[in-house]
Amino acid sequence: MSELALRYSRSTPRHDVQVSVPQGAVTRLHLPDDDAKAHLVTAMLKARTEPGEALELFGESTAALDTRQRERIRSRIGALSPIVGLMTNLNAWENIALPAAYHGAPALAAVAQLAHEVLAAFGAEPRDFFARVPDELGTLERKIASFIRLLVAAPELMVFDALEDGLSHAECRYAARFEAEYRARQPQGTVLYVDTKEDS
Amino acid sequence: MLPQALREVEGGVKLSLNVAVRLPKLVRAPIFESFLRQVYFTGVTAATGVILRACALGVIIIAVMMNMLDADVDLAVKILLLLVFRELGPLAAAVVVILRTGTAVSAEIAIMRVSGQTRALRYLGIDLYDYLVLPRVAGIMLATAALTFYVQFLAVLGGLVLSPFIIEASFEQLAGRFFDLFTPVDCYYSVVKSLLFGFVVAACCCWHGLNPPDLTQNAVPKVVTKAVMQSMMLVLAVNAVFAYLVFGILFFGLIKANV
């Protein structure tokens, strides 16, 4: 039996949510509503739960983690989610490079190389793309910029939160490329698609 | 009302300590970049706007002293020196910084807070004090000091060059007296004061930006109004305390130091 990347449960008077995601698998979750989805994604991103919730990440319960352990476990998770948007006062390149520049790793040359590769896969012209601020980017382009920023951190668990939200039918065809690009760089990584029953 | 005021004081003190502790992090690339942007926005772009006002300040001081109050060259230049270097120069620069930068910084941070961008930064492992507060506070302090020097220089130059056109004193007379009376203490005094002004303005605006009354768009104008009003009060309070420490008097002589 494979180890779990995520085990989550939440009980409310309206519904119970039970989630188990095996490591290395691709899992699609259809949660009852936006509130349930927001709670799950936020709990994962914070590696912290609210009353009524229980969360295990990579086999560790998040209930008794200290700050350093919580930081470490959070660094293994990436979420392409509206909750983790772009900085509106930075252009696309500055947004992509910000975490790497702040933490001092990886090198910006490696970030640029990765960004060029991903943009080539999506058919975007890097020079023009990098120079634009988020308000000048389309929904898909904003998701691509956020995705590259996530890839730089090489997360072991990649969460795609309502990936197709706001995309046209033509753009939705590109959505599959996100997983392929992630898999190409993290073959052992876990992919979790999250949306609500109304979306699906 | 009182708990809110205490919360603001406590928040301001914590913010100041956080900035002091994190100062070595200023050399990190994105923080230093943000610091340079702040210096550019607060200091460089504001510079052209103060040329006329600063020159007019010097001319008005000398002209009023000599024409209306019948002061001689000696007294007029002495008052120009005292007012421009010790009082009006740092105050004028602080007012420009509050109106231009204080409003922009408080609005920018409040918008980031309301739209969830500060939350995104936290999820990316980026500390808000490191990335948002430290470069703004350091940048505004440095730029306020530079802007103060610029205002003083222009006010004195404007006063000395333009006053001979409206009063009966030559440029040589005015400049001669100015350099006789000028001491480096005037410079140190205004540098320390302007750094403090910059600090209180930046700290106040960052704190209000990070702590909006609620997380709606309506909170942004409230944050800006509060930040500007409190920055102004803090600058005047620092000015009064400084006057007490240096001259031994406060509130136009109502409170006198026992020195």
# chains A, B, ... in the order shown; residues from 1 in each chain; ligands from 1
>>> residues_around(residues="region 43-52 of chain A", least_positions_apart="5", cutoff="6 Å", atoms="only C-alpha atoms", output="list in words")
Arg10, Ser11 and Thr62 of chain A
>>> closest_atom_pairs(of="chain A", to="chain B", cutoff="12 Å", atoms="only C-alpha atoms", output="Markdown table")
| residue | atom | partner | partner_atom | distance |
| --- | --- | --- | --- | --- |
| A:Val41 | CA | B:Tyr123 | CA | 11.4 |
| A:Thr42 | CA | B:Tyr123 | CA | 9.6 |
| A:Ala43 | CA | B:Tyr123 | CA | 11.3 |
| A:Met44 | CA | B:Tyr123 | CA | 10.2 |
| A:Leu45 | CA | B:Tyr123 | CA | 6.5 |
| A:Lys46 | CA | B:Tyr123 | CA | 7.2 |
| A:Ala47 | CA | B:Tyr123 | CA | 10.2 |
| A:Arg68 | CA | B:Gly125 | CA | 11.7 |
| A:Arg70 | CA | B:Gly125 | CA | 11.1 |
| A:Glu71 | CA | B:Gly125 | CA | 7.8 |
| A:Arg72 | CA | B:Gly125 | CA | 10.1 |
| A:Ile73 | CA | B:Gly125 | CA | 11.5 |
| A:Arg74 | CA | B:Tyr123 | CA | 8.0 |
| A:Ser75 | CA | B:Gly125 | CA | 7.9 |
| A:Arg76 | CA | B:Leu124 | CA | 11.2 |
| A:Ile77 | CA | B:Tyr123 | CA | 9.8 |
| A:Gly78 | CA | B:Leu124 | CA | 8.9 |
| A:Ala79 | CA | B:Tyr123 | CA | 9.4 |
| A:Leu80 | CA | B:Ala120 | CA | 11.1 |
| A:Ser81 | CA | B:Ala120 | CA | 9.9 |
| A:Pro82 | CA | B:Gly116 | CA | 9.3 |
| A:Ile83 | CA | B:Ala120 | CA | 6.7 |
| A:Val84 | CA | B:Ala120 | CA | 4.4 |
| A:Gly85 | CA | B:Ala120 | CA | 6.1 |
| A:Leu86 | CA | B:Gln117 | CA | 7.0 |
| A:Met87 | CA | B:Gln117 | CA | 6.1 |
| A:Thr88 | CA | B:Gln117 | CA | 8.2 |
| A:Asn89 | CA | B:Glu108 | CA | 8.8 |
| A:Leu90 | CA | B:Ser34 | CA | 10.6 |
| A:Glu94 | CA | B:Pro30 | CA | 8.9 |
| A:Asn95 | CA | B:Leu121 | CA | 10.5 |
| A:Ile96 | CA | B:Leu124 | CA | 11.1 |
| A:Ala97 | CA | B:Pro30 | CA | 9.1 |
| A:Leu98 | CA | B:Pro30 | CA | 6.8 |
| A:Pro99 | CA | B:Leu124 | CA | 6.4 |
| A:Ala100 | CA | B:Pro30 | CA | 9.5 |
| A:Ala101 | CA | B:Pro30 | CA | 6.1 |
| A:Tyr102 | CA | B:Pro30 | CA | 6.0 |
| A:His103 | CA | B:Ile126 | CA | 8.1 |
| A:Gly104 | CA | B:Arg28 | CA | 8.1 |
| A:Ala105 | CA | B:Ala29 | CA | 11.6 |
| A:Ala107 | CA | B:Ala29 | CA | 11.8 |
| A:Leu108 | CA | B:Ala29 | CA | 10.8 |
| A:Ser146 | CA | B:Ala120 | CA | 10.8 |
| A:Arg149 | CA | B:Leu124 | CA | 9.4 |
| A:Leu150 | CA | B:Leu124 | CA | 8.9 |
| A:Val152 | CA | B:Leu124 | CA | 11.2 |
| A:Ala153 | CA | B:Leu124 | CA | 9.2 |
| A:Pro155 | CA | B:Leu124 | CA | 11.6 |
>>> write_last_selection(atoms="C-alpha atoms", output="CSV table (one decimal), in the first residue's frame")
chain,number,residue,atom,x,y,z
A,41,VAL,CA,-6.7,24.4,0.2
A,42,THR,CA,-6.0,26.8,3.1
A,43,ALA,CA,-5.4,24.0,5.5
A,44,MET,CA,-2.8,22.5,3.1
A,45,LEU,CA,-1.1,25.8,2.4
A,46,LYS,CA,-0.9,26.7,6.1
A,47,ALA,CA,-0.3,23.1,7.3
A,68,ARG,CA,10.0,25.2,11.8
A,70,ARG,CA,5.3,23.6,9.7
A,71,GLU,CA,7.5,25.7,7.4
A,72,ARG,CA,9.4,22.6,6.2
A,73,ILE,CA,6.2,20.8,5.3
A,74,ARG,CA,4.6,23.8,3.7
A,75,SER,CA,7.6,24.1,1.4
A,76,ARG,CA,6.8,20.7,0.0
A,77,ILE,CA,3.3,21.9,-1.2
A,78,GLY,CA,2.4,24.1,-4.1
A,79,ALA,CA,-1.0,25.3,-5.0
A,80,LEU,CA,-2.1,26.9,-8.3
A,81,SER,CA,-5.0,28.6,-6.6
A,82,PRO,CA,-6.7,32.0,-6.6
A,83,ILE,CA,-5.7,32.1,-2.9
A,84,VAL,CA,-2.1,32.4,-3.9
A,85,GLY,CA,-2.3,35.2,-6.6
A,86,LEU,CA,0.3,37.3,-8.3
A,87,MET,CA,1.6,40.6,-6.9
A,88,THR,CA,-0.2,43.3,-8.9
A,89,ASN,CA,2.7,45.8,-8.6
A,90,LEU,CA,5.3,43.4,-10.1
A,94,GLU,CA,9.4,39.7,-11.0
A,95,ASN,CA,6.5,37.6,-9.8
A,96,ILE,CA,8.1,34.4,-11.0
A,97,ALA,CA,11.6,35.3,-9.6
A,98,LEU,CA,10.4,36.8,-6.3
A,99,PRO,CA,10.5,33.7,-4.1
A,100,ALA,CA,13.8,32.5,-5.5
A,101,ALA,CA,15.4,35.9,-5.2
A,102,TYR,CA,14.1,36.2,-1.6
A,103,HIS,CA,15.2,32.8,-0.4
A,104,GLY,CA,18.4,32.9,-2.4
A,105,ALA,CA,17.8,29.6,-4.2
A,107,ALA,CA,19.8,30.8,-9.0
A,108,LEU,CA,17.9,33.3,-11.1
A,146,SER,CA,1.8,31.4,-11.1
A,149,ARG,CA,6.6,30.4,-9.8
A,150,LEU,CA,5.4,27.1,-8.2
A,152,VAL,CA,10.7,26.9,-9.2
A,153,ALA,CA,10.0,25.6,-5.7
A,155,PRO,CA,6.8,21.0,-4.7
>>> select_by_dssp(residues="region 12-179 of chain A", states="strand (DSSP E)", output="MDAnalysis selection string")
chainID A and resid 16:22 26:31 53:57 60:61 77:80 157:161
>>> write_last_selection(atoms="N, CA and C atoms", output="mmCIF file, in the first residue's frame")
data_model
loop_
_atom_site.group_PDB
_atom_site.id
_atom_site.type_symbol
_atom_site.label_atom_id
_atom_site.label_comp_id
_atom_site.auth_asym_id
_atom_site.auth_seq_id
_atom_site.Cartn_x
_atom_site.Cartn_y
_atom_site.Cartn_z
ATOM 1 N N ASP A 16 -19.776 16.121 5.601
ATOM 2 C CA ASP A 16 -18.479 15.599 6.044
ATOM 3 C C ASP A 16 -17.574 15.452 4.826
ATOM 4 N N VAL A 17 -16.339 15.859 4.978
ATOM 5 C CA VAL A 17 -15.378 15.701 3.876
ATOM 6 C C VAL A 17 -14.262 14.774 4.361
ATOM 7 N N GLN A 18 -14.008 13.735 3.614
ATOM 8 C CA GLN A 18 -12.910 12.805 3.917
ATOM 9 C C GLN A 18 -12.063 12.693 2.646
ATOM 10 N N VAL A 19 -10.777 12.984 2.763
ATOM 11 C CA VAL A 19 -9.910 12.966 1.581
ATOM 12 C C VAL A 19 -8.652 12.162 1.879
ATOM 13 N N SER A 20 -8.295 11.264 0.979
ATOM 14 C CA SER A 20 -7.013 10.548 1.067
ATOM 15 C C SER A 20 -6.361 10.600 -0.301
ATOM 16 N N VAL A 21 -5.146 11.068 -0.350
ATOM 17 C CA VAL A 21 -4.441 11.183 -1.638
ATOM 18 C C VAL A 21 -3.125 10.411 -1.550
ATOM 19 N N PRO A 22 -2.985 9.311 -2.312
ATOM 20 C CA PRO A 22 -1.723 8.550 -2.278
ATOM 21 C C PRO A 22 -0.577 9.330 -2.921
ATOM 22 N N VAL A 26 -2.408 10.818 -9.264
ATOM 23 C CA VAL A 26 -3.181 11.970 -9.735
ATOM 24 C C VAL A 26 -4.602 11.791 -9.211
ATOM 25 N N THR A 27 -5.064 12.715 -8.399
ATOM 26 C CA THR A 27 -6.379 12.569 -7.759
ATOM 27 C C THR A 27 -7.249 13.767 -8.099
ATOM 28 N N ARG A 28 -8.496 13.490 -8.378
ATOM 29 C CA ARG A 28 -9.446 14.586 -8.655
ATOM 30 C C ARG A 28 -10.506 14.605 -7.569
ATOM 31 N N LEU A 29 -10.630 15.735 -6.917
ATOM 32 C CA LEU A 29 -11.600 15.868 -5.826
ATOM 33 C C LEU A 29 -12.713 16.813 -6.239
ATOM 34 N N HIS A 30 -13.945 16.397 -6.016
ATOM 35 C CA HIS A 30 -15.087 17.289 -6.241
ATOM 36 C C HIS A 30 -15.714 17.555 -4.884
ATOM 37 N N LEU A 31 -15.428 18.694 -4.339
ATOM 38 C CA LEU A 31 -15.908 19.008 -2.986
ATOM 39 C C LEU A 31 -17.311 19.618 -3.045
ATOM 40 N N GLU A 53 -11.388 20.070 11.898
ATOM 41 C CA GLU A 53 -10.587 19.567 10.772
ATOM 42 C C GLU A 53 -9.453 18.686 11.304
ATOM 43 N N ALA A 54 -9.013 17.744 10.486
ATOM 44 C CA ALA A 54 -7.800 16.973 10.793
ATOM 45 C C ALA A 54 -6.999 16.854 9.507
ATOM 46 N N LEU A 55 -5.682 17.024 9.615
ATOM 47 C CA LEU A 55 -4.862 17.042 8.403
ATOM 48 C C LEU A 55 -3.544 16.318 8.646
ATOM 49 N N GLU A 56 -3.247 15.432 7.734
ATOM 50 C CA GLU A 56 -1.926 14.779 7.726
ATOM 51 C C GLU A 56 -1.295 15.058 6.380
ATOM 52 N N LEU A 57 -0.039 15.503 6.393
ATOM 53 C CA LEU A 57 0.661 15.753 5.136
ATOM 54 C C LEU A 57 1.921 14.896 5.114
ATOM 55 N N GLU A 60 2.582 12.954 8.234
ATOM 56 C CA GLU A 60 2.745 13.647 9.522
ATOM 57 C C GLU A 60 1.471 14.412 9.859
ATOM 58 N N SER A 61 1.011 14.259 11.078
ATOM 59 C CA SER A 61 -0.138 15.050 11.497
ATOM 60 C C SER A 61 0.317 16.497 11.711
ATOM 61 N N ILE A 77 4.642 21.777 -0.571
ATOM 62 C CA ILE A 77 3.318 21.862 -1.218
ATOM 63 C C ILE A 77 3.248 23.114 -2.096
ATOM 64 N N GLY A 78 2.668 22.966 -3.265
ATOM 65 C CA GLY A 78 2.434 24.125 -4.123
ATOM 66 C C GLY A 78 0.988 24.125 -4.565
ATOM 67 N N ALA A 79 0.369 25.273 -4.601
ATOM 68 C CA ALA A 79 -1.038 25.321 -5.018
ATOM 69 C C ALA A 79 -1.227 26.380 -6.093
ATOM 70 N N LEU A 80 -1.704 25.933 -7.245
ATOM 71 C CA LEU A 80 -2.087 26.880 -8.293
ATOM 72 C C LEU A 80 -3.538 27.253 -7.983
ATOM 73 N N LEU A 157 3.847 17.974 -3.694
ATOM 74 C CA LEU A 157 2.385 17.865 -3.871
ATOM 75 C C LEU A 157 1.908 19.132 -4.596
ATOM 76 N N MET A 158 1.397 18.928 -5.792
ATOM 77 C CA MET A 158 0.917 20.079 -6.574
ATOM 78 C C MET A 158 -0.610 20.075 -6.574
ATOM 79 N N VAL A 159 -1.193 21.164 -6.096
ATOM 80 C CA VAL A 159 -2.651 21.272 -6.022
ATOM 81 C C VAL A 159 -3.117 22.213 -7.125
ATOM 82 N N PHE A 160 -4.016 21.738 -7.972
ATOM 83 C CA PHE A 160 -4.623 22.598 -8.985
ATOM 84 C C PHE A 160 -6.034 22.923 -8.512
ATOM 85 N N ASP A 161 -6.208 24.134 -8.032
ATOM 86 C CA ASP A 161 -7.491 24.547 -7.445
ATOM 87 C C ASP A 161 -8.328 25.224 -8.528
#
>>> residues_around(residues="Ala143 (chain B)", least_positions_apart="4", cutoff="9 Å", atoms="only C-alpha atoms", output="ChimeraX atom specification")
/B:38-44,97,138-139,147-148,195,198
>>> atom_distance(atom1="CA of Leu196 (chain B)", atom2="CA of Ala240 (chain B)")
12.4 Å
>>> atom_distance(atom1="CA of Ile140 (chain B)", atom2="CA of Phe199 (chain B)")
7.1 Å
>>> select_by_dssp(residues="region 73-146 of chain A", states="alpha helix (DSSP H)", output="PyMOL selection string")
chain A and resi 73-74+92-103+108-122+126-131+139-146
>>> atom_distance(atom1="CA of Met65 (chain B)", atom2="CA of Val191 (chain B)")
25.9 Å
>>> closest_residue(among="B:Ala110, B:Val13, B:Ala93, B:Leu36", to="Lys222 (chain B)", atoms="only C-alpha atoms")
B:Ala110
>>> closest_residue(among="A:Leu4, A:Gly24, A:Leu140, A:Ala110", to="Gly59 (chain A)", atoms="only C-alpha atoms")
A:Leu4
>>> residues_around(residues="region 173-176 of chain A", least_positions_apart="5", cutoff="12 Å", atoms="only C-alpha atoms", output="MDAnalysis selection string")
chainID A and resid 80 118:119 121:124 139:141 143:144 147 160:168 181:183 191 193
>>> decode(residues="region 41-145 of chain B", atoms="C-alpha atoms", output="JSON list (two decimals), in the first residue's frame")
[["chain", "number", "residue", "atom", "x", "y", "z"],
["B", 41, "PHE", "CA", 9.86, 57.37, -5.74],
["B", 42, "THR", "CA", 10.11, 59.33, -2.49],
["B", 43, "GLY", "CA", 13.31, 61.26, -3.12],
["B", 44, "VAL", "CA", 14.02, 61.60, -6.81],
["B", 45, "THR", "CA", 10.55, 62.01, -8.31],
["B", 46, "ALA", "CA", 9.53, 64.44, -5.57],
["B", 47, "ALA", "CA", 12.59, 66.63, -6.12],
["B", 48, "THR", "CA", 11.37, 68.58, -9.15],
["B", 49, "GLY", "CA", 8.08, 69.44, -7.44],
["B", 50, "VAL", "CA", 9.76, 71.24, -4.56],
["B", 51, "ILE", "CA", 12.11, 73.53, -6.53],
["B", 52, "LEU", "CA", 9.72, 76.48, -6.80],
["B", 53, "ARG", "CA", 8.28, 76.07, -3.30],
["B", 54, "ALA", "CA", 11.69, 75.83, -1.65],
["B", 55, "CYS", "CA", 13.03, 78.88, -3.50],
["B", 56, "ALA", "CA", 9.89, 80.84, -2.59],
["B", 57, "LEU", "CA", 10.33, 79.83, 1.05],
["B", 58, "GLY", "CA", 13.78, 81.43, 1.24],
["B", 59, "VAL", "CA", 12.70, 84.59, -0.56],
["B", 60, "ILE", "CA", 9.61, 85.03, 1.63],
["B", 61, "ILE", "CA", 11.57, 84.62, 4.86],
["B", 62, "ILE", "CA", 14.17, 87.23, 3.92],
["B", 63, "ALA", "CA", 11.68, 89.63, 2.33],
["B", 64, "VAL", "CA", 9.25, 89.48, 5.28],
["B", 65, "MET", "CA", 12.04, 89.95, 7.80],
["B", 66, "MET", "CA", 13.63, 92.93, 6.07],
["B", 67, "ASN", "CA", 10.62, 94.68, 4.52],
["B", 68, "MET", "CA", 7.87, 94.09, 7.04],
["B", 69, "LEU", "CA", 9.74, 93.65, 10.30],
["B", 70, "ASP", "CA", 12.56, 96.07, 9.51],
["B", 71, "ALA", "CA", 15.23, 93.50, 10.31],
["B", 72, "ASP", "CA", 18.81, 94.07, 9.15],
["B", 73, "VAL", "CA", 20.73, 91.66, 6.92],
["B", 74, "ASP", "CA", 22.26, 89.95, 9.95],
["B", 75, "LEU", "CA", 18.93, 89.17, 11.61],
["B", 76, "ALA", "CA", 17.22, 88.20, 8.33],
["B", 77, "VAL", "CA", 19.95, 85.69, 7.45],
["B", 78, "LYS", "CA", 20.02, 84.37, 11.02],
["B", 79, "ILE", "CA", 16.28, 83.72, 10.88],
["B", 80, "LEU", "CA", 16.60, 82.19, 7.42],
["B", 81, "LEU", "CA", 19.22, 79.82, 8.80],
["B", 82, "LEU", "CA", 17.25, 78.94, 11.91],
["B", 83, "LEU", "CA", 13.94, 78.48, 10.15],
["B", 84, "VAL", "CA", 15.18, 76.71, 7.04],
["B", 85, "PHE", "CA", 17.73, 74.42, 8.66],
["B", 86, "ARG", "CA", 16.09, 73.72, 11.97],
["B", 87, "GLU", "CA", 12.34, 73.99, 11.44],
["B", 88, "LEU", "CA", 10.80, 74.59, 8.06],
["B", 89, "GLY", "CA", 13.23, 72.58, 5.91],
["B", 90, "PRO", "CA", 12.66, 69.23, 7.65],
["B", 91, "LEU", "CA", 8.95, 70.02, 8.13],
["B", 92, "ALA", "CA", 8.41, 70.99, 4.49],
["B", 93, "ALA", "CA", 10.15, 67.82, 3.32],
["B", 94, "ALA", "CA", 8.11, 65.73, 5.78],
["B", 95, "VAL", "CA", 4.86, 67.25, 4.50],
["B", 96, "VAL", "CA", 5.83, 66.44, 0.90],
["B", 97, "VAL", "CA", 6.73, 62.89, 1.94],
["B", 98, "ILE", "CA", 3.45, 62.41, 3.81],
["B", 99, "LEU", "CA", 1.35, 63.75, 0.94],
["B", 100, "ARG", "CA", 3.15, 61.86, -1.82],
["B", 101, "THR", "CA", 4.64, 58.76, -0.28],
["B", 102, "GLY", "CA", 2.59, 58.25, 2.87],
["B", 103, "THR", "CA", -0.63, 58.12, 0.90],
["B", 104, "ALA", "CA", 0.88, 55.84, -1.76],
["B", 105, "VAL", "CA", 2.48, 53.42, 0.69],
["B", 106, "SER", "CA", -0.55, 53.09, 2.95],
["B", 107, "ALA", "CA", -2.89, 52.62, -0.04],
["B", 108, "GLU", "CA", -0.57, 50.15, -1.76],
["B", 109, "ILE", "CA", -0.13, 47.95, 1.32],
["B", 110, "ALA", "CA", -3.83, 48.17, 2.23],
["B", 111, "ILE", "CA", -4.78, 47.07, -1.31],
["B", 112, "MET", "CA", -2.33, 44.18, -1.07],
["B", 113, "ARG", "CA", -3.85, 43.20, 2.28],
["B", 114, "VAL", "CA", -7.46, 43.51, 1.10],
["B", 115, "SER", "CA", -6.86, 41.63, -2.17],
["B", 116, "GLY", "CA", -5.06, 38.74, -0.46],
["B", 117, "GLN", "CA", -1.61, 39.50, -1.86],
["B", 118, "THR", "CA", -0.05, 39.65, 1.61],
["B", 119, "ARG", "CA", -1.51, 36.20, 2.27],
["B", 120, "ALA", "CA", 0.04, 34.99, -1.00],
["B", 121, "LEU", "CA", 3.42, 36.34, 0.13],
["B", 122, "ARG", "CA", 3.13, 34.41, 3.40],
["B", 123, "TYR", "CA", 2.32, 31.20, 1.51],
["B", 124, "LEU", "CA", 5.44, 31.77, -0.58],
["B", 125, "GLY", "CA", 7.46, 31.90, 2.64],
["B", 126, "ILE", "CA", 8.13, 35.64, 2.29],
["B", 127, "ASP", "CA", 8.03, 37.63, 5.51],
["B", 128, "LEU", "CA", 5.89, 40.76, 5.23],
["B", 129, "TYR", "CA", 8.21, 42.80, 7.42],
["B", 130, "ASP", "CA", 11.19, 41.81, 5.29],
["B", 131, "TYR", "CA", 9.62, 42.45, 1.92],
["B", 132, "LEU", "CA", 7.04, 45.19, 2.52],
["B", 133, "VAL", "CA", 7.99, 47.13, 5.63],
["B", 134, "LEU", "CA", 11.79, 47.13, 5.86],
["B", 135, "PRO", "CA", 12.56, 48.54, 2.38],
["B", 136, "ARG", "CA", 9.84, 51.16, 2.68],
["B", 137, "VAL", "CA", 10.90, 52.38, 6.10],
["B", 138, "ALA", "CA", 14.61, 52.46, 5.21],
["B", 139, "GLY", "CA", 13.92, 54.00, 1.79],
["B", 140, "ILE", "CA", 11.60, 56.70, 3.12],
["B", 141, "MET", "CA", 14.05, 57.61, 5.91],
["B", 142, "LEU", "CA", 16.93, 58.04, 3.49],
["B", 143, "ALA", "CA", 14.81, 59.87, 0.92],
["B", 144, "THR", "CA", 13.35, 62.23, 3.54],
["B", 145, "ALA", "CA", 16.86, 63.18, 4.68]]
